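A.B. asks: Just protein.pdb, nothing more (PDB, C-alpha atoms and all ligand atoms):
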```pdb
ATOM      1  CA  MET Z 986      11.498  -0.153  56.020
ATOM      2  CA  GLU Z 987      10.878  -3.813  56.867
ATOM      3  CA  LYS Z 988      12.235  -4.993  60.188
ATOM      4  CA  ILE Z 989      14.627  -7.923  60.556
ATOM      5  CA  LEU Z 990      15.640  -9.577  63.805
ATOM      6  CA  ILE Z 991      19.063 -11.209  64.037
ATOM      7  CA  VAL Z 992      19.478 -13.664  66.902
ATOM      8  CA  ASP Z 993      23.124 -14.602  67.204
ATOM      9  CA  ASP Z 994      25.420 -14.901  70.224
ATOM     10  CA  SER Z 995      28.478 -13.875  68.196
ATOM     11  CA  LEU Z 996      28.925 -10.120  68.022
ATOM     12  CA  VAL Z 997      31.315 -10.403  65.068
ATOM     13  CA  GLN Z 998      28.882 -12.505  63.078
ATOM     14  CA  SER Z 999      25.807 -10.402  63.811
ATOM     15  CA  SER Z1000      27.713  -7.194  63.011
ATOM     16  CA  GLN Z1001      28.689  -8.618  59.638
ATOM     17  CA  LEU Z1002      25.090  -9.508  58.859
ATOM     18  CA  LYS Z1003      23.919  -6.150  60.057
ATOM     19  CA  SER Z1004      26.342  -4.289  57.818
ATOM     20  CA  ILE Z1005      25.286  -6.375  54.819
ATOM     21  CA  LEU Z1006      21.574  -5.648  55.356
ATOM     22  CA  GLU Z1007      21.232  -2.320  57.127
ATOM     23  CA  ASP Z1008      21.043  -0.205  53.967
ATOM     24  CA  GLU Z1009      17.747  -1.814  53.041
ATOM     25  CA  TYR Z1010      16.318  -2.993  56.347
ATOM     26  CA  ASP Z1011      15.753  -1.925  59.904
ATOM     27  CA  ILE Z1012      17.930  -4.360  61.870
ATOM     28  CA  THR Z1013      17.607  -5.429  65.511
ATOM     29  CA  VAL Z1014      20.245  -7.704  67.030
ATOM     30  CA  ALA Z1015      19.622 -10.019  69.989
ATOM     31  CA  GLN Z1016      22.755 -11.682  71.322
ATOM     32  CA  ARG Z1017      20.849 -13.776  73.840
ATOM     33  CA  PRO Z1018      18.242 -16.242  72.562
ATOM     34  CA  GLU Z1019      15.852 -15.277  75.399
ATOM     35  CA  ASP Z1020      15.935 -11.644  74.233
ATOM     36  CA  GLY Z1021      15.375 -12.805  70.679
ATOM     37  CA  LEU Z1022      12.274 -14.736  71.678
ATOM     38  CA  ARG Z1023      10.895 -11.843  73.728
ATOM     39  CA  TRP Z1024      11.453  -9.215  71.054
ATOM     40  CA  ALA Z1025      10.111 -11.456  68.318
ATOM     41  CA  SER Z1026       6.941 -11.967  70.389
ATOM     42  CA  GLU Z1027       6.391  -8.236  70.522
ATOM     43  CA  GLY Z1028       5.776  -8.427  66.770
ATOM     44  CA  GLY Z1029       6.617  -6.270  63.787
ATOM     45  CA  PHE Z1030       9.422  -8.330  62.251
ATOM     46  CA  SER Z1031       9.199  -9.532  58.671
ATOM     47  CA  LEU Z1032      12.103 -11.958  58.941
ATOM     48  CA  ILE Z1033      14.261 -13.584  61.601
ATOM     49  CA  LEU Z1034      17.873 -14.637  61.055
ATOM     50  CA  LEU Z1035      18.654 -17.281  63.610
ATOM     51  CA  ASP Z1036      22.003 -18.728  64.608
ATOM     52  CA  VAL Z1037      21.899 -22.472  65.195
ATOM     53  CA  VAL Z1038      24.716 -22.765  67.738
ATOM     54  CA  MET Z1039      24.135 -20.606  70.800
ATOM     55  CA  PRO Z1040      24.763 -21.217  74.495
ATOM     56  CA  GLY Z1041      21.678 -21.905  76.617
ATOM     57  CA  MET Z1042      18.972 -22.246  73.992
ATOM     58  CA  ASP Z1043      20.068 -23.435  70.554
ATOM     59  CA  GLY Z1044      18.508 -22.214  67.325
ATOM     60  CA  PHE Z1045      16.333 -25.299  66.896
ATOM     61  CA  THR Z1046      14.732 -24.898  70.299
ATOM     62  CA  LEU Z1047      14.120 -21.225  69.645
ATOM     63  CA  LEU Z1048      12.652 -22.030  66.229
ATOM     64  CA  LYS Z1049      10.163 -24.407  67.870
ATOM     65  CA  LYS Z1050       9.168 -21.772  70.406
ATOM     66  CA  LEU Z1051       8.662 -19.171  67.672
ATOM     67  CA  GLN Z1052       6.336 -21.553  65.882
ATOM     68  CA  GLU Z1053       4.238 -22.066  68.978
ATOM     69  CA  GLU Z1054       3.391 -18.381  69.295
ATOM     70  CA  ILE Z1055       0.631 -16.803  67.226
ATOM     71  CA  ILE Z1056       2.567 -13.562  66.720
ATOM     72  CA  THR Z1057       5.701 -15.239  65.425
ATOM     73  CA  GLN Z1058       4.539 -18.470  63.816
ATOM     74  CA  ASN Z1059       4.166 -16.969  60.349
ATOM     75  CA  VAL Z1060       7.355 -14.924  60.380
ATOM     76  CA  PRO Z1061       9.927 -16.574  58.105
ATOM     77  CA  VAL Z1062      13.107 -17.806  59.788
ATOM     78  CA  ILE Z1063      16.443 -18.194  58.015
ATOM     79  CA  LEU Z1064      18.996 -20.293  59.866
ATOM     80  CA  ILE Z1065      22.654 -19.367  60.103
ATOM     81  CA  THR Z1066      24.797 -22.497  59.898
ATOM     82  CA  SER Z1067      28.400 -23.315  59.190
ATOM     83  CA  LEU Z1068      29.330 -24.528  55.761
ATOM     84  CA  SER Z1069      30.325 -27.973  56.965
ATOM     85  CA  ASN Z1070      27.110 -28.841  58.753
ATOM     86  CA  VAL Z1071      24.630 -30.332  56.308
ATOM     87  CA  ALA Z1072      22.784 -32.168  59.080
ATOM     88  CA  ASN Z1073      21.905 -28.850  60.729
ATOM     89  CA  GLU Z1074      20.521 -27.467  57.502
ATOM     90  CA  GLN Z1075      18.321 -30.507  57.012
ATOM     91  CA  ARG Z1076      17.079 -30.479  60.558
ATOM     92  CA  GLY Z1077      16.309 -26.765  60.359
ATOM     93  CA  LEU Z1078      14.347 -27.085  57.148
ATOM     94  CA  ILE Z1079      12.373 -29.996  58.562
ATOM     95  CA  LEU Z1080      11.547 -27.894  61.609
ATOM     96  CA  GLY Z1081      10.151 -25.161  59.375
ATOM     97  CA  ALA Z1082      12.952 -22.709  58.651
ATOM     98  CA  VAL Z1083      12.399 -21.265  55.173
ATOM     99  CA  ASP Z1084      16.061 -21.211  54.207
ATOM    100  CA  TYR Z1085      19.599 -21.121  55.560
ATOM    101  CA  ILE Z1086      22.749 -19.087  55.008
ATOM    102  CA  THR Z1087      26.198 -20.379  55.675
ATOM    103  CA  LYS Z1088      29.259 -18.888  57.281
ATOM    104  CA  PRO Z1089      31.465 -17.272  56.146
ATOM    105  CA  PHE Z1090      28.853 -14.901  54.696
ATOM    106  CA  LYS Z1091      28.792 -13.959  51.041
ATOM    107  CA  PRO Z1092      27.037 -10.577  50.991
ATOM    108  CA  LEU Z1093      25.305 -11.052  47.631
ATOM    109  CA  ILE Z1094      23.894 -14.419  48.626
ATOM    110  CA  VAL Z1095      22.754 -13.175  52.015
ATOM    111  CA  LYS Z1096      21.022 -10.206  50.384
ATOM    112  CA  ALA Z1097      19.403 -12.316  47.687
ATOM    113  CA  ARG Z1098      17.968 -14.853  50.140
ATOM    114  CA  VAL Z1099      16.789 -12.200  52.558
ATOM    115  CA  ASN Z1100      15.163 -10.155  49.770
ATOM    116  CA  THR Z1101      13.371 -13.212  48.428
ATOM    117  CA  HIS Z1102      11.848 -14.158  51.752
ATOM    118  CA  ILE Z1103      10.927 -10.603  52.659
ATOM    119  CA  ARG Z1104       9.131 -10.264  49.329
ATOM    120  CA  LEU Z1105       7.266 -13.551  49.809
ATOM    121  CA  TYR Z1106       6.251 -12.479  53.288
ATOM    122  CA  GLN Z1107       4.966  -9.111  52.041
ATOM    123  CA  TYR Z1108       3.031 -10.812  49.283
ATOM    124  CA  ARG Z1109       1.464 -13.260  51.694
ATOM    125  CA  LYS Z1110       0.488 -10.488  54.070
ATOM    126  CA  LEU Z1111      -1.089  -8.508  51.232
ATOM    127  CA  ALA Z1112      -3.007 -11.528  49.976
ATOM    128  CA  GLU Z1113      -4.238 -12.220  53.500
ATOM    129  CA  GLN Z1114      -5.326  -8.609  53.914
ATOM    130  CA  GLN Z1115      -7.183  -8.652  50.591
ATOM    131  CA  SER Z1116      -8.992 -11.849  51.476
ATOM    132  CA  MET Z1117     -10.307 -10.056  54.578
ATOM    133  CA  THR Z1118     -11.407  -6.843  52.845
ATOM    134  CA  ASP Z1119     -14.690  -6.028  51.147
ATOM    135  CA  GLN Z1120     -13.842  -5.014  47.569
ATOM    136  CA  LEU Z1121     -16.534  -2.393  47.133
ATOM    137  CA  THR Z1122     -16.109  -0.471  50.379
ATOM    138  CA  GLY Z1123     -12.576  -1.227  51.564
ATOM    139  CA  VAL Z1124     -13.863  -2.071  55.063
ATOM    140  CA  ALA Z1125     -13.523  -5.541  56.566
ATOM    141  CA  ASN Z1126     -15.591  -8.318  55.026
ATOM    142  CA  ARG Z1127     -17.843 -10.872  56.661
ATOM    143  CA  ARG Z1128     -15.041 -13.385  57.014
ATOM    144  CA  ARG Z1129     -12.852 -10.934  58.890
ATOM    145  CA  TYR Z1130     -15.828 -10.008  61.042
ATOM    146  CA  GLU Z1131     -16.367 -13.639  62.075
ATOM    147  CA  GLN Z1132     -12.777 -13.849  63.300
ATOM    148  CA  TYR Z1133     -12.745 -10.431  64.893
ATOM    149  CA  SER Z1134     -16.012 -10.846  66.785
ATOM    150  CA  GLU Z1135     -14.773 -14.088  68.305
ATOM    151  CA  THR Z1136     -11.557 -12.445  69.501
ATOM    152  CA  LYS Z1137     -13.302  -9.376  70.904
ATOM    153  CA  TRP Z1138     -15.974 -11.394  72.651
ATOM    154  CA  SER Z1139     -13.269 -13.308  74.570
ATOM    155  CA  GLU Z1140     -11.418 -10.089  75.243
ATOM    156  CA  ALA Z1141     -14.523  -8.418  76.678
ATOM    157  CA  ILE Z1142     -15.096 -11.422  78.949
ATOM    158  CA  ARG Z1143     -11.499 -11.408  80.134
ATOM    159  CA  LEU Z1144     -11.290  -7.649  80.707
ATOM    160  CA  HIS Z1145     -14.870  -7.408  81.972
ATOM    161  CA  VAL Z1146     -15.645  -4.401  79.766
ATOM    162  CA  PRO Z1147     -18.665  -3.537  77.615
ATOM    163  CA  LEU Z1148     -18.834  -4.688  74.020
ATOM    164  CA  SER Z1149     -21.319  -3.074  71.646
ATOM    165  CA  ILE Z1150     -22.615  -5.013  68.667
ATOM    166  CA  CYS Z1151     -24.376  -2.711  66.184
ATOM    167  CA  MET Z1152     -26.120  -3.361  62.886
ATOM    168  CA  PHE Z1153     -26.508  -0.609  60.275
ATOM    169  CA  ASP Z1154     -28.914  -0.959  57.387
ATOM    170  CA  ILE Z1155     -29.505   1.511  54.553
ATOM    171  CA  ASP Z1156     -33.174   2.512  54.478
ATOM    172  CA  HIS Z1157     -35.337   1.633  51.469
ATOM    173  CA  PHE Z1158     -32.284   0.423  49.624
ATOM    174  CA  LYS Z1159     -34.181  -1.768  47.195
ATOM    175  CA  MET Z1160     -36.200   1.285  46.192
ATOM    176  CA  TYR Z1161     -32.943   3.205  45.739
ATOM    177  CA  ASN Z1162     -31.573   0.552  43.388
ATOM    178  CA  ASP Z1163     -34.851   0.317  41.479
ATOM    179  CA  THR Z1164     -34.906   4.086  41.037
ATOM    180  CA  PHE Z1165     -31.263   4.941  40.355
ATOM    181  CA  GLY Z1166     -29.752   1.611  39.254
ATOM    182  CA  HIS Z1167     -27.227  -0.732  40.831
ATOM    183  CA  PRO Z1168     -24.051   1.235  40.015
ATOM    184  CA  ALA Z1169     -25.515   4.214  41.901
ATOM    185  CA  GLY Z1170     -26.554   1.834  44.681
ATOM    186  CA  ASP Z1171     -22.964   0.607  44.970
ATOM    187  CA  LYS Z1172     -21.792   4.185  45.336
ATOM    188  CA  VAL Z1173     -24.242   4.717  48.175
ATOM    189  CA  ILE Z1174     -22.993   1.585  49.956
ATOM    190  CA  ALA Z1175     -19.407   2.829  49.610
ATOM    191  CA  ALA Z1176     -20.291   6.337  50.826
ATOM    192  CA  VAL Z1177     -22.144   4.989  53.866
ATOM    193  CA  ALA Z1178     -19.196   2.706  54.696
ATOM    194  CA  GLN Z1179     -16.751   5.565  54.399
ATOM    195  CA  THR Z1180     -18.773   7.876  56.620
ATOM    196  CA  ALA Z1181     -19.378   5.210  59.256
ATOM    197  CA  SER Z1182     -15.744   4.122  59.301
ATOM    198  CA  SER Z1183     -14.530   7.718  59.633
ATOM    199  CA  HIS Z1184     -16.486   7.785  62.917
ATOM    200  CA  LEU Z1185     -15.168   4.404  64.026
ATOM    201  CA  LYS Z1186     -11.453   5.096  63.954
ATOM    202  CA  ARG Z1187     -10.351   4.223  67.486
ATOM    203  CA  ASN Z1188      -8.465   0.973  67.696
ATOM    204  CA  THR Z1189     -11.273  -0.383  69.876
ATOM    205  CA  ASP Z1190     -13.716   0.160  66.963
ATOM    206  CA  PHE Z1191     -14.402  -2.149  64.077
ATOM    207  CA  LEU Z1192     -16.657  -1.972  61.021
ATOM    208  CA  ALA Z1193     -17.436  -4.681  58.490
ATOM    209  CA  ARG Z1194     -19.788  -5.087  55.577
ATOM    210  CA  TYR Z1195     -22.163  -7.757  56.775
ATOM    211  CA  GLY Z1196     -23.808  -8.293  53.421
ATOM    212  CA  GLY Z1197     -25.746  -6.262  50.824
ATOM    213  CA  GLU Z1198     -26.594  -2.886  52.323
ATOM    214  CA  GLU Z1199     -25.952  -4.030  55.881
ATOM    215  CA  PHE Z1200     -22.951  -3.286  58.118
ATOM    216  CA  VAL Z1201     -21.905  -4.474  61.537
ATOM    217  CA  ALA Z1202     -19.863  -2.405  63.979
ATOM    218  CA  LEU Z1203     -18.193  -3.598  67.159
ATOM    219  CA  SER Z1204     -16.858  -1.313  69.826
ATOM    220  CA  LEU Z1205     -15.050  -2.306  72.985
ATOM    221  CA  GLY Z1206     -14.943  -0.484  76.291
ATOM    222  CA  GLU Z1207     -17.714   2.071  75.911
ATOM    223  CA  PRO Z1208     -20.852   2.053  78.094
ATOM    224  CA  ALA Z1209     -24.237   1.964  76.325
ATOM    225  CA  GLU Z1210     -25.135   5.608  76.951
ATOM    226  CA  GLN Z1211     -21.927   6.847  75.283
ATOM    227  CA  MET Z1212     -22.199   4.348  72.468
ATOM    228  CA  PHE Z1213     -25.743   5.512  71.856
ATOM    229  CA  GLN Z1214     -24.554   9.120  71.424
ATOM    230  CA  HIS Z1215     -21.818   7.930  69.111
ATOM    231  CA  LEU Z1216     -24.244   5.943  66.954
ATOM    232  CA  MET Z1217     -26.601   8.907  66.654
ATOM    233  CA  LYS Z1218     -23.695  11.031  65.365
ATOM    234  CA  ILE Z1219     -22.933   8.423  62.724
ATOM    235  CA  ARG Z1220     -26.560   8.204  61.686
ATOM    236  CA  GLN Z1221     -26.762  12.011  61.433
ATOM    237  CA  ALA Z1222     -23.527  12.173  59.433
ATOM    238  CA  ILE Z1223     -24.921   9.702  56.903
ATOM    239  CA  GLU Z1224     -28.157  11.663  56.561
ATOM    240  CA  GLY Z1225     -25.967  14.785  56.287
ATOM    241  CA  LEU Z1226     -24.307  13.442  53.138
ATOM    242  CA  HIS Z1227     -27.532  14.620  51.459
ATOM    243  CA  ILE Z1228     -27.634  11.873  48.887
ATOM    244  CA  PRO Z1229     -31.039  12.285  47.213
ATOM    245  CA  HIS Z1230     -33.350   9.305  47.565
ATOM    246  CA  ASN Z1231     -36.561   8.560  45.726
ATOM    247  CA  PRO Z1232     -38.792  11.352  47.137
ATOM    248  CA  SER Z1233     -41.727   8.978  47.485
ATOM    249  CA  VAL Z1234     -39.918   7.298  50.409
ATOM    250  CA  SER Z1235     -37.356   9.790  51.694
ATOM    251  CA  GLU Z1236     -35.614  13.060  50.894
ATOM    252  CA  TRP Z1237     -32.095  11.725  51.584
ATOM    253  CA  VAL Z1238     -30.406   8.361  51.958
ATOM    254  CA  THR Z1239     -30.533   7.352  55.639
ATOM    255  CA  VAL Z1240     -29.691   4.357  57.825
ATOM    256  CA  SER Z1241     -31.403   2.547  60.661
ATOM    257  CA  VAL Z1242     -29.197   1.300  63.481
ATOM    258  CA  GLY Z1243     -29.905  -1.415  66.016
ATOM    259  CA  GLY Z1244     -27.471  -2.594  68.649
ATOM    260  CA  VAL Z1245     -26.764  -3.941  72.068
ATOM    261  CA  THR Z1246     -24.121  -3.194  74.681
ATOM    262  CA  VAL Z1247     -23.198  -6.124  76.881
ATOM    263  CA  ILE Z1248     -20.592  -6.827  79.549
ATOM    264  CA  PRO Z1249     -20.284 -10.500  78.700
ATOM    265  CA  GLU Z1250     -19.523 -13.282  81.129
ATOM    266  CA  LYS Z1251     -18.074 -16.696  80.604
ATOM    267  CA  GLY Z1252     -20.642 -19.140  79.281
ATOM    268  CA  GLN Z1253     -22.717 -16.481  77.535
ATOM    269  CA  ASP Z1254     -23.354 -16.735  73.831
ATOM    270  CA  TYR Z1255     -22.343 -14.081  71.297
ATOM    271  CA  GLY Z1256     -25.049 -15.243  68.902
ATOM    272  CA  PHE Z1257     -27.744 -14.439  71.442
ATOM    273  CA  TYR Z1258     -26.621 -10.780  71.588
ATOM    274  CA  LEU Z1259     -26.264 -10.544  67.836
ATOM    275  CA  LYS Z1260     -29.916 -11.540  67.618
ATOM    276  CA  ILE Z1261     -30.815  -8.775  70.048
ATOM    277  CA  ALA Z1262     -28.918  -6.247  67.898
ATOM    278  CA  ASP Z1263     -30.873  -7.527  64.927
ATOM    279  CA  ALA Z1264     -34.167  -7.236  66.815
ATOM    280  CA  MET Z1265     -33.307  -3.620  67.716
ATOM    281  CA  LEU Z1266     -32.623  -2.916  64.047
ATOM    282  CA  TYR Z1267     -35.955  -4.432  63.125
ATOM    283  CA  ASP Z1268     -37.581  -2.237  65.747
ATOM    284  CA  ALA Z1269     -35.855   0.876  64.350
ATOM    285  CA  LYS Z1270     -37.196   0.029  60.888
ATOM    286  CA  LYS Z1271     -40.694  -0.566  62.156
ATOM    287  CA  ASN Z1272     -40.600   2.650  64.137
ATOM    288  CA  GLY Z1273     -40.043   4.743  60.999
ATOM    289  CA  ARG Z1274     -36.350   4.196  60.037
ATOM    290  CA  ASN Z1275     -33.521   6.767  60.164
ATOM    291  CA  GLN Z1276     -32.994   6.200  63.868
ATOM    292  CA  VAL Z1277     -30.919   4.386  66.470
ATOM    293  CA  ILE Z1278     -32.129   1.879  69.035
ATOM    294  CA  LEU Z1279     -29.524   0.422  71.371
ATOM    295  CA  ALA Z1280     -30.286  -2.086  74.116
ATOM    296  CA  ASP Z1281     -28.215  -1.181  77.172
ATOM    297  CA  GLU Z1282     -26.404  -3.452  79.649
ATOM    298  CA  LYS Z1283     -29.762  -4.305  81.260
ATOM    299  CA  LEU Z1284     -31.311  -4.894  77.821
ATOM    300  CA  LYS Z1285     -33.375  -1.739  78.150
ATOM    301  CA  PRO Z1286     -33.683  -0.098  74.713
ATOM    302  CA  LEU Z1287     -32.299   3.440  74.409
ATOM    303  CA  ARG Z1288     -34.382   5.096  71.718
ATOM    304  CA  GLU Z1289     -33.760   8.092  69.565
ATOM    305  CA  ARG Z1290     -37.437   8.640  68.879
ATOM    306  CA  GLY Z1291     -40.508   7.849  70.949
TER     307      GLY Z1291
HETATM  308 MG    MG F1301      26.710 -18.957  67.613
END
```
Before anything else, please render the file you have as structure tokens.
Ligand SMILES: [Mg+2]

C.D. replies:
Amino acid sequence: MEKILIVDDSLVQSSQLKSILEDEYDITVAQRPEDGLRWASEGGFSLILLDVVMPGMDGFTLLKKLQEEIITQNVPVILITSLSNVANEQRGLILGAVDYITKPFKPLIVKARVNTHIRLYQYRKLAEQQSMTDQLTGVANRRRYEQYSETKWSEAIRLHVPLSICMFDIDHFKMYNDTFGHPAGDKVIAAVAQTASSHLKRNTDFLARYGGEEFVALSLGEPAEQMFQHLMKIRQAIEGLHIPHNPSVSEWVTVSVGGVTVIPEKGQDYGFYLKIADAMLYDAKKNGRNQVILADEKLKPLRERG
């Protein structure tokens, strides 16, 4: 059930709105604008119904504040105005409210406007999600990765915790495609993504398709030694899928993994560490593939083999 926040100082008015909408929506009522702002900032609402005339902070001021916050700036706001006040409606729409409803409320009109804006919001969210997802594998795409890595890098600096940047690459993938064809190759990419993502389920983990047969994983808060163990499990799980490869190169489909764990400080460059992860991957390939090499916090490589 989608969540709607009603911010209105009048108990009578907010109760009316609530009773009109509560069959279809999960309604929260804030009678004080400050509460409204705080709850809205906690996230999760798909629509805000906002009274214009309130003591302390009026609806316009609150609307401005909602638009300044990342969490709330895309949540549609419908203003509640009185029938006689056209100037308020105009001002509200100029400030970015998506619509307005007038008192006294007509239940059918309230429902229709609310439904419309909830549906538009859902559609927009879906479209946004799709534009961030890799079609073949269902994991995040490169674009989402670019955003996410930036956010997590800052977070790791602020919290002073380790961030691991790890590259996965399917071994001898060109040979696989040449032997079994591209549709089979696509299936392998999807299977590898699924297995890796099933091992990267914590909300501090992230996996994206970096391109072709290459994936990038980010993990926040885990020291190198633990991350290394975790990566080996993923590598083993992928080998354990027992997808037959061309026997001239390998019995099963496998991956090589290269990464780095860093506790970043202000002024350091993410790109520098990404290059190290890439160098570790290159090393893993050169060293015979199907293995993990992770540079630890002191840039000392932890190696699975020799
Ligand atoms: Mg009022």

A.B. asks: Would you tabulate, counting only C-alpha atoms and all ligand atoms, all residues of chain Z that have an atom at most 7 Å from an atom of ligand MG 1301 (chain F), showing the closest pair of atoms and their distance in Å to one decimal, sorted by chain then ascending number, as a Markdown table?

C.D. replies:
```
| residue | atom | partner | partner_atom | distance |
| --- | --- | --- | --- | --- |
| Z:Asp993 | CA | F:MG1301 | MG | 5.7 |
| Z:Asp994 | CA | F:MG1301 | MG | 5.0 |
| Z:Ser995 | CA | F:MG1301 | MG | 5.4 |
| Z:Asp1036 | CA | F:MG1301 | MG | 5.6 |
| Z:Val1037 | CA | F:MG1301 | MG | 6.4 |
| Z:Val1038 | CA | F:MG1301 | MG | 4.3 |
| Z:Met1039 | CA | F:MG1301 | MG | 4.4 |
```

A.B. asks: Hey, can you check how far atom CA of Z:His1215 sits from atom CA of Z:Ala1181?

C.D. replies: 10.5 Å

A.B. asks: If you measure from atom CA of Z:Ile1142 to atom CA of Z:Tyr1258, what distance in Å do you get, rounded to one decimal?

C.D. replies: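 Between atom CA of Z:Ile1142 and atom CA of Z:Tyr1258 the gap is 13.7 Å.
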
A.B. asks: If the PyMOL selection byres (((chain Z and resi 1002-1009) around 10) and not hetatm) were run on this exact file, what residues would it hold? Put them as a list in words.

C.D. replies: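 With the PyMOL selection byres (((chain Z and resi 1002-1009) around 10) and not hetatm) on this model, the match is Met986, Glu987, Lys988, Ile989, Leu990, Ile991, Asp993, Leu996, Val997, Gln998, Ser999, Ser1000, Gln1001, Tyr1010, Asp1011, Ile1012, Thr1013, Val1014, Leu1034, Phe1090, Lys1091, Pro1092, Leu1093, Val1095, Lys1096, Val1099 and Asn1100 of chain Z.
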
A.B. asks: Enumerate, as a list in words, the residues matched when the PyMOL selection byres (((chain Z and resi 1133) around 12) and not hetatm) is run on the file above.

C.D. replies: Met1117, Ala1125, Asn1126, Arg1127, Arg1128, Arg1129, Tyr1130, Glu1131, Gln1132, Ser1134, Glu1135, Thr1136, Lys1137, Trp1138, Ser1139, Glu1140, Ile1150, Thr1189, Asp1190, Phe1191, Leu1192, Ala1193, Val1201, Ala1202, Leu1203, Ser1204 and Leu1205 of chain Z

A.B. asks: Please indicate the distance in Å from atom CA of Z:Phe1158 to atom CA of Z:Glu1198, rounded to one decimal place.

C.D. replies: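 Between atom CA of Z:Phe1158 and atom CA of Z:Glu1198 the gap is 7.1 Å.
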
A.B. asks: Please provide as an MDAnalysis selection string all residues within 8 Å of stretch 1068-1080 of chain Z, with the sequence filter that same-chain residues fewer than 3 positions apart are discarded (counting all atoms listed in the file).

C.D. replies: chainID Z and resid 1037 1045 1048:1049 1064 1083:1085 1087:1089

A.B. asks: Would you save the residues from that selection as a PDB file, in the frame of the given file, using C-alpha atoms?

C.D. replies:
```pdb
ATOM      1  CA  VAL Z1037      21.899 -22.472  65.195  1.00  0.00           C
ATOM      2  CA  PHE Z1045      16.333 -25.299  66.896  1.00  0.00           C
ATOM      3  CA  LEU Z1048      12.652 -22.030  66.229  1.00  0.00           C
ATOM      4  CA  LYS Z1049      10.163 -24.407  67.870  1.00  0.00           C
ATOM      5  CA  LEU Z1064      18.996 -20.293  59.866  1.00  0.00           C
ATOM      6  CA  VAL Z1083      12.399 -21.265  55.173  1.00  0.00           C
ATOM      7  CA  ASP Z1084      16.061 -21.211  54.207  1.00  0.00           C
ATOM      8  CA  TYR Z1085      19.599 -21.121  55.560  1.00  0.00           C
ATOM      9  CA  THR Z1087      26.198 -20.379  55.675  1.00  0.00           C
ATOM     10  CA  LYS Z1088      29.259 -18.888  57.281  1.00  0.00           C
ATOM     11  CA  PRO Z1089      31.465 -17.272  56.146  1.00  0.00           C
TER      12      PRO Z1089
END
```
